[in-house]
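This is target-v4.pdb (PDB, N, CA and C atoms).
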```
ATOM      1  N   MET A   1      -6.344 -26.307   3.944  1.00  0.00           N
ATOM      2  CA  MET A   1      -6.189 -24.888   3.720  1.00  0.00           C
ATOM      3  C   MET A   1      -7.427 -24.152   4.255  1.00  0.00           C
ATOM      4  N   ILE A   2      -7.199 -22.934   4.635  1.00  0.00           N
ATOM      5  CA  ILE A   2      -8.299 -22.040   5.003  1.00  0.00           C
ATOM      6  C   ILE A   2      -8.518 -21.113   3.812  1.00  0.00           C
ATOM      7  N   GLU A   3      -9.743 -21.013   3.387  1.00  0.00           N
ATOM      8  CA  GLU A   3     -10.070 -20.213   2.208  1.00  0.00           C
ATOM      9  C   GLU A   3     -10.964 -19.045   2.593  1.00  0.00           C
ATOM     10  N   LEU A   4     -10.565 -17.866   2.150  1.00  0.00           N
ATOM     11  CA  LEU A   4     -11.436 -16.694   2.205  1.00  0.00           C
ATOM     12  C   LEU A   4     -12.010 -16.574   0.804  1.00  0.00           C
ATOM     13  N   LEU A   5     -13.280 -16.903   0.664  1.00  0.00           N
ATOM     14  CA  LEU A   5     -13.936 -16.927  -0.641  1.00  0.00           C
ATOM     15  C   LEU A   5     -14.723 -15.638  -0.832  1.00  0.00           C
ATOM     16  N   ILE A   6     -14.373 -14.898  -1.883  1.00  0.00           N
ATOM     17  CA  ILE A   6     -15.026 -13.628  -2.187  1.00  0.00           C
ATOM     18  C   ILE A   6     -15.876 -13.825  -3.434  1.00  0.00           C
ATOM     19  N   SER A   7     -17.170 -13.595  -3.321  1.00  0.00           N
ATOM     20  CA  SER A   7     -18.074 -13.649  -4.468  1.00  0.00           C
ATOM     21  C   SER A   7     -18.321 -12.218  -4.919  1.00  0.00           C
ATOM     22  N   ALA A   8     -17.967 -11.932  -6.179  1.00  0.00           N
ATOM     23  CA  ALA A   8     -18.056 -10.566  -6.681  1.00  0.00           C
ATOM     24  C   ALA A   8     -18.616 -10.550  -8.092  1.00  0.00           C
ATOM     25  N   CYS A   9     -19.170  -9.404  -8.471  1.00  0.00           N
ATOM     26  CA  CYS A   9     -19.725  -9.211  -9.808  1.00  0.00           C
ATOM     27  C   CYS A   9     -19.029  -8.020 -10.471  1.00  0.00           C
ATOM     28  N   ALA A  10     -18.789  -8.145 -11.767  1.00  0.00           N
ATOM     29  CA  ALA A  10     -18.139  -7.069 -12.513  1.00  0.00           C
ATOM     30  C   ALA A  10     -19.087  -5.884 -12.626  1.00  0.00           C
ATOM     31  N   LEU A  11     -18.531  -4.700 -12.440  1.00  0.00           N
ATOM     32  CA  LEU A  11     -19.321  -3.482 -12.618  1.00  0.00           C
ATOM     33  C   LEU A  11     -19.391  -3.167 -14.102  1.00  0.00           C
ATOM     34  N   SER A  12     -20.552  -2.791 -14.571  1.00  0.00           N
ATOM     35  CA  SER A  12     -20.736  -2.446 -15.978  1.00  0.00           C
ATOM     36  C   SER A  12     -20.803  -0.934 -16.129  1.00  0.00           C
ATOM     37  N   THR A  13     -20.170  -0.422 -17.175  1.00  0.00           N
ATOM     38  CA  THR A  13     -20.211   1.014 -17.435  1.00  0.00           C
ATOM     39  C   THR A  13     -21.185   1.353 -18.555  1.00  0.00           C
ATOM     40  N   HIS A  14     -21.893   0.352 -19.073  1.00  0.00           N
ATOM     41  CA  HIS A  14     -22.847   0.565 -20.162  1.00  0.00           C
ATOM     42  C   HIS A  14     -24.229   0.875 -19.602  1.00  0.00           C
ATOM     43  N   ILE A  15     -24.970   1.697 -20.317  1.00  0.00           N
ATOM     44  CA  ILE A  15     -26.327   2.040 -19.882  1.00  0.00           C
ATOM     45  C   ILE A  15     -27.240   0.824 -20.012  1.00  0.00           C
ATOM     46  N   ALA A  16     -27.197   0.160 -21.156  1.00  0.00           N
ATOM     47  CA  ALA A  16     -27.972  -1.068 -21.349  1.00  0.00           C
ATOM     48  C   ALA A  16     -27.119  -2.219 -20.833  1.00  0.00           C
ATOM     49  N   GLN A  17     -27.285  -2.530 -19.566  1.00  0.00           N
ATOM     50  CA  GLN A  17     -26.418  -3.504 -18.920  1.00  0.00           C
ATOM     51  C   GLN A  17     -26.883  -4.930 -19.160  1.00  0.00           C
ATOM     52  N   PRO A  18     -25.968  -5.796 -19.600  1.00  0.00           N
ATOM     53  CA  PRO A  18     -26.295  -7.225 -19.640  1.00  0.00           C
ATOM     54  C   PRO A  18     -26.301  -7.758 -18.204  1.00  0.00           C
ATOM     55  N   PRO A  19     -26.742  -8.973 -18.002  1.00  0.00           N
ATOM     56  CA  PRO A  19     -26.677  -9.532 -16.645  1.00  0.00           C
ATOM     57  C   PRO A  19     -25.229  -9.481 -16.147  1.00  0.00           C
ATOM     58  N   PRO A  20     -25.036  -9.174 -14.873  1.00  0.00           N
ATOM     59  CA  PRO A  20     -23.667  -9.031 -14.368  1.00  0.00           C
ATOM     60  C   PRO A  20     -22.900 -10.344 -14.422  1.00  0.00           C
ATOM     61  N   GLN A  21     -21.619 -10.231 -14.708  1.00  0.00           N
ATOM     62  CA  GLN A  21     -20.738 -11.388 -14.669  1.00  0.00           C
ATOM     63  C   GLN A  21     -20.241 -11.534 -13.246  1.00  0.00           C
ATOM     64  N   CYS A  22     -20.567 -12.625 -12.631  1.00  0.00           N
ATOM     65  CA  CYS A  22     -20.167 -12.862 -11.250  1.00  0.00           C
ATOM     66  C   CYS A  22     -19.252 -14.083 -11.191  1.00  0.00           C
ATOM     67  N   ARG A  23     -18.322 -14.037 -10.245  1.00  0.00           N
ATOM     68  CA  ARG A  23     -17.439 -15.179 -10.053  1.00  0.00           C
ATOM     69  C   ARG A  23     -16.895 -15.165  -8.639  1.00  0.00           C
ATOM     70  N   ASP A  24     -16.268 -16.253  -8.273  1.00  0.00           N
ATOM     71  CA  ASP A  24     -15.663 -16.385  -6.956  1.00  0.00           C
ATOM     72  C   ASP A  24     -14.160 -16.194  -7.065  1.00  0.00           C
ATOM     73  N   PHE A  25     -13.595 -15.520  -6.080  1.00  0.00           N
ATOM     74  CA  PHE A  25     -12.158 -15.329  -5.959  1.00  0.00           C
ATOM     75  C   PHE A  25     -11.736 -15.953  -4.638  1.00  0.00           C
ATOM     76  N   SER A  26     -10.631 -16.653  -4.652  1.00  0.00           N
ATOM     77  CA  SER A  26     -10.210 -17.403  -3.493  1.00  0.00           C
ATOM     78  C   SER A  26      -8.863 -16.905  -2.975  1.00  0.00           C
ATOM     79  N   LEU A  27      -8.809 -16.612  -1.685  1.00  0.00           N
ATOM     80  CA  LEU A  27      -7.555 -16.303  -1.010  1.00  0.00           C
ATOM     81  C   LEU A  27      -7.294 -17.462  -0.053  1.00  0.00           C
ATOM     82  N   LEU A  28      -6.152 -18.120  -0.201  1.00  0.00           N
ATOM     83  CA  LEU A  28      -5.852 -19.309   0.593  1.00  0.00           C
ATOM     84  C   LEU A  28      -4.815 -19.004   1.666  1.00  0.00           C
ATOM     85  N   TYR A  29      -5.009 -19.629   2.823  1.00  0.00           N
ATOM     86  CA  TYR A  29      -4.118 -19.442   3.957  1.00  0.00           C
ATOM     87  C   TYR A  29      -3.728 -20.803   4.525  1.00  0.00           C
ATOM     88  N   ASP A  30      -2.540 -20.871   5.069  1.00  0.00           N
ATOM     89  CA  ASP A  30      -2.055 -22.080   5.717  1.00  0.00           C
ATOM     90  C   ASP A  30      -2.783 -22.242   7.047  1.00  0.00           C
ATOM     91  N   PRO A  31      -3.413 -23.399   7.279  1.00  0.00           N
ATOM     92  CA  PRO A  31      -4.170 -23.581   8.524  1.00  0.00           C
ATOM     93  C   PRO A  31      -3.284 -23.590   9.764  1.00  0.00           C
ATOM     94  N   ARG A  32      -1.962 -23.749   9.599  1.00  0.00           N
ATOM     95  CA  ARG A  32      -1.057 -23.665  10.750  1.00  0.00           C
ATOM     96  C   ARG A  32      -0.870 -22.211  11.182  1.00  0.00           C
ATOM     97  N   GLU A  33      -1.232 -21.270  10.294  1.00  0.00           N
ATOM     98  CA  GLU A  33      -1.058 -19.851  10.593  1.00  0.00           C
ATOM     99  C   GLU A  33      -2.376 -19.111  10.778  1.00  0.00           C
ATOM    100  N   VAL A  34      -3.440 -19.574  10.121  1.00  0.00           N
ATOM    101  CA  VAL A  34      -4.747 -18.897  10.151  1.00  0.00           C
ATOM    102  C   VAL A  34      -5.835 -19.934  10.412  1.00  0.00           C
ATOM    103  N   SER A  35      -6.643 -19.679  11.436  1.00  0.00           N
ATOM    104  CA  SER A  35      -7.776 -20.563  11.728  1.00  0.00           C
ATOM    105  C   SER A  35      -9.035 -19.988  11.083  1.00  0.00           C
ATOM    106  N   ILE A  36     -10.097 -20.770  11.097  1.00  0.00           N
ATOM    107  CA  ILE A  36     -11.382 -20.285  10.585  1.00  0.00           C
ATOM    108  C   ILE A  36     -11.819 -19.046  11.369  1.00  0.00           C
ATOM    109  N   VAL A  37     -11.655 -19.078  12.693  1.00  0.00           N
ATOM    110  CA  VAL A  37     -12.062 -17.941  13.528  1.00  0.00           C
ATOM    111  C   VAL A  37     -11.238 -16.707  13.179  1.00  0.00           C
ATOM    112  N   THR A  38      -9.926 -16.876  13.001  1.00  0.00           N
ATOM    113  CA  THR A  38      -9.070 -15.751  12.617  1.00  0.00           C
ATOM    114  C   THR A  38      -9.497 -15.203  11.268  1.00  0.00           C
ATOM    115  N   CYS A  39      -9.807 -16.079  10.337  1.00  0.00           N
ATOM    116  CA  CYS A  39     -10.275 -15.654   9.017  1.00  0.00           C
ATOM    117  C   CYS A  39     -11.554 -14.837   9.147  1.00  0.00           C
ATOM    118  N   MET A  40     -12.488 -15.291   9.988  1.00  0.00           N
ATOM    119  CA  MET A  40     -13.744 -14.570  10.147  1.00  0.00           C
ATOM    120  C   MET A  40     -13.538 -13.216  10.814  1.00  0.00           C
ATOM    121  N   ILE A  41     -12.625 -13.150  11.782  1.00  0.00           N
ATOM    122  CA  ILE A  41     -12.378 -11.891  12.491  1.00  0.00           C
ATOM    123  C   ILE A  41     -11.687 -10.890  11.583  1.00  0.00           C
ATOM    124  N   HIS A  42     -10.697 -11.351  10.813  1.00  0.00           N
ATOM    125  CA  HIS A  42      -9.897 -10.455   9.978  1.00  0.00           C
ATOM    126  C   HIS A  42     -10.311 -10.474   8.515  1.00  0.00           C
ATOM    127  N   GLY A  43     -11.375 -11.161   8.191  1.00  0.00           N
ATOM    128  CA  GLY A  43     -11.818 -11.278   6.805  1.00  0.00           C
ATOM    129  C   GLY A  43     -12.260  -9.971   6.180  1.00  0.00           C
ATOM    130  N   GLN A  44     -13.023  -9.179   6.914  1.00  0.00           N
ATOM    131  CA  GLN A  44     -13.539  -7.934   6.346  1.00  0.00           C
ATOM    132  C   GLN A  44     -12.424  -6.987   5.908  1.00  0.00           C
ATOM    133  N   PRO A  45     -11.373  -6.765   6.716  1.00  0.00           N
ATOM    134  CA  PRO A  45     -10.270  -5.920   6.229  1.00  0.00           C
ATOM    135  C   PRO A  45      -9.553  -6.523   5.016  1.00  0.00           C
ATOM    136  N   GLN A  46      -9.453  -7.856   4.971  1.00  0.00           N
ATOM    137  CA  GLN A  46      -8.833  -8.505   3.823  1.00  0.00           C
ATOM    138  C   GLN A  46      -9.673  -8.297   2.559  1.00  0.00           C
ATOM    139  N   VAL A  47     -10.986  -8.385   2.707  1.00  0.00           N
ATOM    140  CA  VAL A  47     -11.890  -8.151   1.570  1.00  0.00           C
ATOM    141  C   VAL A  47     -11.775  -6.696   1.120  1.00  0.00           C
ATOM    142  N   ALA A  48     -11.659  -5.773   2.060  1.00  0.00           N
ATOM    143  CA  ALA A  48     -11.511  -4.354   1.710  1.00  0.00           C
ATOM    144  C   ALA A  48     -10.215  -4.119   0.932  1.00  0.00           C
ATOM    145  N   MET A  49      -9.131  -4.775   1.340  1.00  0.00           N
ATOM    146  CA  MET A  49      -7.860  -4.640   0.602  1.00  0.00           C
ATOM    147  C   MET A  49      -7.983  -5.253  -0.787  1.00  0.00           C
ATOM    148  N   TRP A  50      -8.690  -6.393  -0.885  1.00  0.00           N
ATOM    149  CA  TRP A  50      -8.901  -7.025  -2.187  1.00  0.00           C
ATOM    150  C   TRP A  50      -9.693  -6.070  -3.082  1.00  0.00           C
ATOM    151  N   LYS A  51     -10.714  -5.443  -2.538  1.00  0.00           N
ATOM    152  CA  LYS A  51     -11.557  -4.521  -3.295  1.00  0.00           C
ATOM    153  C   LYS A  51     -10.740  -3.347  -3.836  1.00  0.00           C
ATOM    154  N   GLU A  52      -9.792  -2.840  -3.070  1.00  0.00           N
ATOM    155  CA  GLU A  52      -8.941  -1.744  -3.533  1.00  0.00           C
ATOM    156  C   GLU A  52      -8.135  -2.132  -4.770  1.00  0.00           C
ATOM    157  N   THR A  53      -7.736  -3.379  -4.851  1.00  0.00           N
ATOM    158  CA  THR A  53      -6.943  -3.832  -5.998  1.00  0.00           C
ATOM    159  C   THR A  53      -7.807  -4.363  -7.141  1.00  0.00           C
ATOM    160  N   HIS A  54      -9.109  -4.432  -6.931  1.00  0.00           N
ATOM    161  CA  HIS A  54     -10.061  -4.900  -7.951  1.00  0.00           C
ATOM    162  C   HIS A  54     -11.233  -3.922  -8.037  1.00  0.00           C
ATOM    163  N   PRO A  55     -10.981  -2.677  -8.449  1.00  0.00           N
ATOM    164  CA  PRO A  55     -12.028  -1.641  -8.412  1.00  0.00           C
ATOM    165  C   PRO A  55     -13.186  -1.864  -9.382  1.00  0.00           C
ATOM    166  N   THR A  56     -13.033  -2.742 -10.358  1.00  0.00           N
ATOM    167  CA  THR A  56     -14.118  -2.979 -11.319  1.00  0.00           C
ATOM    168  C   THR A  56     -15.038  -4.119 -10.873  1.00  0.00           C
ATOM    169  N   TRP A  57     -14.857  -4.597  -9.647  1.00  0.00           N
ATOM    170  CA  TRP A  57     -15.687  -5.669  -9.108  1.00  0.00           C
ATOM    171  C   TRP A  57     -16.426  -5.179  -7.878  1.00  0.00           C
ATOM    172  N   ARG A  58     -17.658  -5.644  -7.709  1.00  0.00           N
ATOM    173  CA  ARG A  58     -18.465  -5.329  -6.526  1.00  0.00           C
ATOM    174  C   ARG A  58     -18.633  -6.608  -5.709  1.00  0.00           C
ATOM    175  N   VAL A  59     -18.204  -6.581  -4.480  1.00  0.00           N
ATOM    176  CA  VAL A  59     -18.286  -7.753  -3.613  1.00  0.00           C
ATOM    177  C   VAL A  59     -19.741  -7.979  -3.214  1.00  0.00           C
ATOM    178  N   LYS A  60     -20.238  -9.169  -3.488  1.00  0.00           N
ATOM    179  CA  LYS A  60     -21.609  -9.546  -3.108  1.00  0.00           C
ATOM    180  C   LYS A  60     -21.622 -10.172  -1.715  1.00  0.00           C
ATOM    181  N   ARG A  61     -20.632 -11.039  -1.458  1.00  0.00           N
ATOM    182  CA  ARG A  61     -20.528 -11.684  -0.156  1.00  0.00           C
ATOM    183  C   ARG A  61     -19.144 -12.307  -0.017  1.00  0.00           C
ATOM    184  N   TRP A  62     -18.804 -12.679   1.186  1.00  0.00           N
ATOM    185  CA  TRP A  62     -17.559 -13.383   1.433  1.00  0.00           C
ATOM    186  C   TRP A  62     -17.782 -14.370   2.570  1.00  0.00           C
ATOM    187  N   GLN A  63     -16.937 -15.396   2.594  1.00  0.00           N
ATOM    188  CA  GLN A  63     -17.046 -16.399   3.643  1.00  0.00           C
ATOM    189  C   GLN A  63     -15.694 -17.062   3.873  1.00  0.00           C
ATOM    190  N   CYS A  64     -15.525 -17.590   5.056  1.00  0.00           N
ATOM    191  CA  CYS A  64     -14.340 -18.369   5.385  1.00  0.00           C
ATOM    192  C   CYS A  64     -14.755 -19.831   5.472  1.00  0.00           C
ATOM    193  N   ARG A  65     -13.892 -20.697   4.971  1.00  0.00           N
ATOM    194  CA  ARG A  65     -14.190 -22.126   5.022  1.00  0.00           C
ATOM    195  C   ARG A  65     -12.893 -22.908   4.895  1.00  0.00           C
ATOM    196  N   THR A  66     -12.972 -24.184   5.218  1.00  0.00           N
ATOM    197  CA  THR A  66     -11.826 -25.054   4.984  1.00  0.00           C
ATOM    198  C   THR A  66     -11.909 -25.567   3.563  1.00  0.00           C
ATOM    199  N   ARG A  67     -10.754 -25.802   2.978  1.00  0.00           N
ATOM    200  CA  ARG A  67     -10.735 -26.292   1.598  1.00  0.00           C
ATOM    201  C   ARG A  67      -9.685 -27.376   1.492  1.00  0.00           C
ATOM    202  N   ASP A  68     -10.080 -28.489   0.945  1.00  0.00           N
ATOM    203  CA  ASP A  68      -9.168 -29.604   0.703  1.00  0.00           C
ATOM    204  C   ASP A  68      -8.649 -29.458  -0.724  1.00  0.00           C
ATOM    205  N   LEU A  69      -7.377 -29.173  -0.864  1.00  0.00           N
ATOM    206  CA  LEU A  69      -6.816 -28.939  -2.206  1.00  0.00           C
ATOM    207  C   LEU A  69      -6.862 -30.194  -3.069  1.00  0.00           C
ATOM    208  N   ARG A  70      -6.988 -31.355  -2.472  1.00  0.00           N
ATOM    209  CA  ARG A  70      -7.099 -32.585  -3.265  1.00  0.00           C
ATOM    210  C   ARG A  70      -8.398 -32.600  -4.067  1.00  0.00           C
ATOM    211  N   GLU A  71      -9.442 -31.932  -3.552  1.00  0.00           N
ATOM    212  CA  GLU A  71     -10.727 -31.878  -4.262  1.00  0.00           C
ATOM    213  C   GLU A  71     -10.615 -31.112  -5.570  1.00  0.00           C
ATOM    214  N   SER A  72      -9.821 -30.035  -5.606  1.00  0.00           N
ATOM    215  CA  SER A  72      -9.724 -29.214  -6.805  1.00  0.00           C
ATOM    216  C   SER A  72      -8.823 -29.845  -7.867  1.00  0.00           C
ATOM    217  N   ARG A  73      -8.056 -30.852  -7.490  1.00  0.00           N
ATOM    218  CA  ARG A  73      -7.190 -31.539  -8.462  1.00  0.00           C
ATOM    219  C   ARG A  73      -7.925 -32.676  -9.165  1.00  0.00           C
ATOM    220  N   ALA A  74      -9.031 -33.102  -8.607  1.00  0.00           N
ATOM    221  CA  ALA A  74      -9.770 -34.239  -9.172  1.00  0.00           C
ATOM    222  C   ALA A  74     -10.485 -33.860 -10.445  1.00  0.00           C
TER
END
```
Would you write out, as structure tokens, the structure that this file holds?
Amino acid sequence: MIELLISACALSTHIAQPPPQCRDFSLLYDPREVSIVTCMIHGQPQVAMWKETHPTWRVKRWQCRTRDLRESRA
């Protein structure tokens, strides 16, 4: 699988802010349809669309990588 990994932190609305809660969000693509290069070229617009649907999160970084789904089942 090709993974677009988005690392984001929750926005806080409190004045006395605790440390931000950060986590990774994964968008998976079939490697027969999307290559790493395609992911890198079109990743920024995909991250922007993700951000529109997740307005309480601030994107820290994003990356494209290959992901072996067998690793996450172990």
Check your understanding: With all atoms listed in the file as the atoms that count, which of A:Leu11, A:Met1, A:Ile6, A:Ala48 lies nearest to Arg32 in chain A?
Key ->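 Answer, going by the shortest atom-to-atom distance: A:Met1.
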Practice item. List every residue of chain A that DSSP, applied to the backbone of this structure, assigns to helix (DSSP H, G or I), and report them as a PyMOL selection string. Key: chain A and resi 36-53+69-73
Which of range 13-58 of chain A counts as strand (DSSP E or B) under DSSP, as a tab-separated table (two decimals) with N, CA and C atoms, keeping the file's coordinate frame please?
```
chain	number	residue	atom	x	y	z
A	22	CYS	N	-20.57	-12.62	-12.63
A	22	CYS	CA	-20.17	-12.86	-11.25
A	22	CYS	C	-19.25	-14.08	-11.19
A	23	ARG	N	-18.32	-14.04	-10.24
A	23	ARG	CA	-17.44	-15.18	-10.05
A	23	ARG	C	-16.90	-15.16	-8.64
A	24	ASP	N	-16.27	-16.25	-8.27
A	24	ASP	CA	-15.66	-16.39	-6.96
A	24	ASP	C	-14.16	-16.19	-7.06
A	25	PHE	N	-13.60	-15.52	-6.08
A	25	PHE	CA	-12.16	-15.33	-5.96
A	25	PHE	C	-11.74	-15.95	-4.64
A	26	SER	N	-10.63	-16.65	-4.65
A	26	SER	CA	-10.21	-17.40	-3.49
A	26	SER	C	-8.86	-16.90	-2.98
A	27	LEU	N	-8.81	-16.61	-1.68
A	27	LEU	CA	-7.56	-16.30	-1.01
A	27	LEU	C	-7.29	-17.46	-0.05
A	28	LEU	N	-6.15	-18.12	-0.20
A	28	LEU	CA	-5.85	-19.31	0.59
A	28	LEU	C	-4.82	-19.00	1.67
A	29	TYR	N	-5.01	-19.63	2.82
A	29	TYR	CA	-4.12	-19.44	3.96
A	29	TYR	C	-3.73	-20.80	4.53
A	57	TRP	N	-14.86	-4.60	-9.65
A	57	TRP	CA	-15.69	-5.67	-9.11
A	57	TRP	C	-16.43	-5.18	-7.88
A	58	ARG	N	-17.66	-5.64	-7.71
A	58	ARG	CA	-18.46	-5.33	-6.53
A	58	ARG	C	-18.63	-6.61	-5.71
```
Point to revise | Spatial neighbours of Cys22 in chain A, 6 Å, only N, CA and C atoms, chain gap at least 5 places, as number ranges by chain | key: A: 8-10
Check your understanding: What is the atom N of Thr56 in chain A-CA of Val34 in chain A distance in Å, reported with one decimal?
Key ->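 Answer for the atom N of Thr56 in chain A to CA of Val34 in chain A separation: 27.4 Å.
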**Study point:** atom C of Tyr29 in chain A to atom C of Val59 in chain A, straight-line distance in Å
**Key:**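 Distance between the two atoms: 21.9 Å.
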Point to revise | Given only N, CA and C atoms as the counted atoms, nearest of A:Ser35, A:Ser12, A:Gln21, A:Ser7 to Arg65 in chain A | key: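 The answer is A:Ser35, which sits nearest to Arg65 in chain A.
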Check your understanding: Given the file above and the PyMOL selection byres (((chain A and resi 62 and name CA) around 12) and name CA), which residues are selected, and can you give them as JSON, numbers by chain?
Key -> {"A": [3, 4, 5, 6, 7, 8, 23, 24, 25, 26, 27, 39, 40, 42, 43, 44, 45, 46, 47, 48, 50, 51, 58, 59, 60, 61, 63, 64, 65]}
Practice item. Please indicate the distance in Å from CA of Pro20 in chain A to atom N of His54 in chain A, rounded to one decimal place. Key: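 One can read the CA of Pro20 in chain A to atom N of His54 in chain A distance as 17.0 Å.
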For range 24-43 of chain A of the structure just presented, write N, CA and C atoms to a file, as an mmCIF file, in the first residue's frame.
```cif
data_model
loop_
_atom_site.group_PDB
_atom_site.id
_atom_site.type_symbol
_atom_site.label_atom_id
_atom_site.label_comp_id
_atom_site.auth_asym_id
_atom_site.auth_seq_id
_atom_site.Cartn_x
_atom_site.Cartn_y
_atom_site.Cartn_z
ATOM 1 N N ASP A 24 -1.025 10.633 14.349
ATOM 2 C CA ASP A 24 -0.871 10.411 12.918
ATOM 3 C C ASP A 24 -2.187 9.925 12.334
ATOM 4 N N PHE A 25 -2.497 10.403 11.144
ATOM 5 C CA PHE A 25 -3.660 9.973 10.384
ATOM 6 C C PHE A 25 -3.147 9.391 9.076
ATOM 7 N N SER A 26 -3.720 8.288 8.666
ATOM 8 C CA SER A 26 -3.222 7.573 7.516
ATOM 9 C C SER A 26 -4.275 7.504 6.413
ATOM 10 N N LEU A 27 -3.883 7.895 5.210
ATOM 11 C CA LEU A 27 -4.713 7.715 4.026
ATOM 12 C C LEU A 27 -3.999 6.679 3.165
ATOM 13 N N LEU A 28 -4.678 5.583 2.854
ATOM 14 C CA LEU A 28 -4.052 4.482 2.123
ATOM 15 C C LEU A 28 -4.534 4.439 0.679
ATOM 16 N N TYR A 29 -3.607 4.100 -0.210
ATOM 17 C CA TYR A 29 -3.897 4.020 -1.633
ATOM 18 C C TYR A 29 -3.366 2.701 -2.185
ATOM 19 N N ASP A 30 -4.036 2.195 -3.188
ATOM 20 C CA ASP A 30 -3.612 0.980 -3.868
ATOM 21 C C ASP A 30 -2.388 1.306 -4.720
ATOM 22 N N PRO A 31 -1.288 0.566 -4.540
ATOM 23 C CA PRO A 31 -0.070 0.875 -5.301
ATOM 24 C C PRO A 31 -0.225 0.635 -6.797
ATOM 25 N N ARG A 32 -1.270 -0.094 -7.218
ATOM 26 C CA ARG A 32 -1.520 -0.270 -8.654
ATOM 27 C C ARG A 32 -2.110 1.003 -9.257
ATOM 28 N N GLU A 33 -2.621 1.896 -8.392
ATOM 29 C CA GLU A 33 -3.244 3.128 -8.868
ATOM 30 C C GLU A 33 -2.447 4.377 -8.520
ATOM 31 N N VAL A 34 -1.692 4.341 -7.420
ATOM 32 C CA VAL A 34 -0.943 5.511 -6.934
ATOM 33 C C VAL A 34 0.479 5.079 -6.591
ATOM 34 N N SER A 35 1.452 5.775 -7.171
ATOM 35 C CA SER A 35 2.856 5.502 -6.850
ATOM 36 C C SER A 35 3.318 6.481 -5.772
ATOM 37 N N ILE A 36 4.501 6.236 -5.243
ATOM 38 C CA ILE A 36 5.081 7.161 -4.264
ATOM 39 C C ILE A 36 5.228 8.551 -4.886
ATOM 40 N N VAL A 37 5.689 8.609 -6.138
ATOM 41 C CA VAL A 37 5.880 9.901 -6.809
ATOM 42 C C VAL A 37 4.541 10.612 -6.975
ATOM 43 N N THR A 38 3.502 9.878 -7.380
ATOM 44 C CA THR A 38 2.171 10.473 -7.520
ATOM 45 C C THR A 38 1.683 10.987 -6.178
ATOM 46 N N CYS A 39 1.904 10.225 -5.129
ATOM 47 C CA CYS A 39 1.513 10.650 -3.783
ATOM 48 C C CYS A 39 2.223 11.945 -3.411
ATOM 49 N N MET A 40 3.523 12.038 -3.708
ATOM 50 C CA MET A 40 4.269 13.241 -3.362
ATOM 51 C C MET A 40 3.808 14.444 -4.175
ATOM 52 N N ILE A 41 3.481 14.227 -5.447
ATOM 53 C CA ILE A 41 3.048 15.333 -6.307
ATOM 54 C C ILE A 41 1.672 15.826 -5.894
ATOM 55 N N HIS A 42 0.757 14.898 -5.601
ATOM 56 C CA HIS A 42 -0.626 15.258 -5.292
ATOM 57 C C HIS A 42 -0.928 15.246 -3.802
ATOM 58 N N GLY A 43 0.068 15.048 -2.979
ATOM 59 C CA GLY A 43 -0.135 14.969 -1.536
ATOM 60 C C GLY A 43 -0.626 16.255 -0.905
#
```
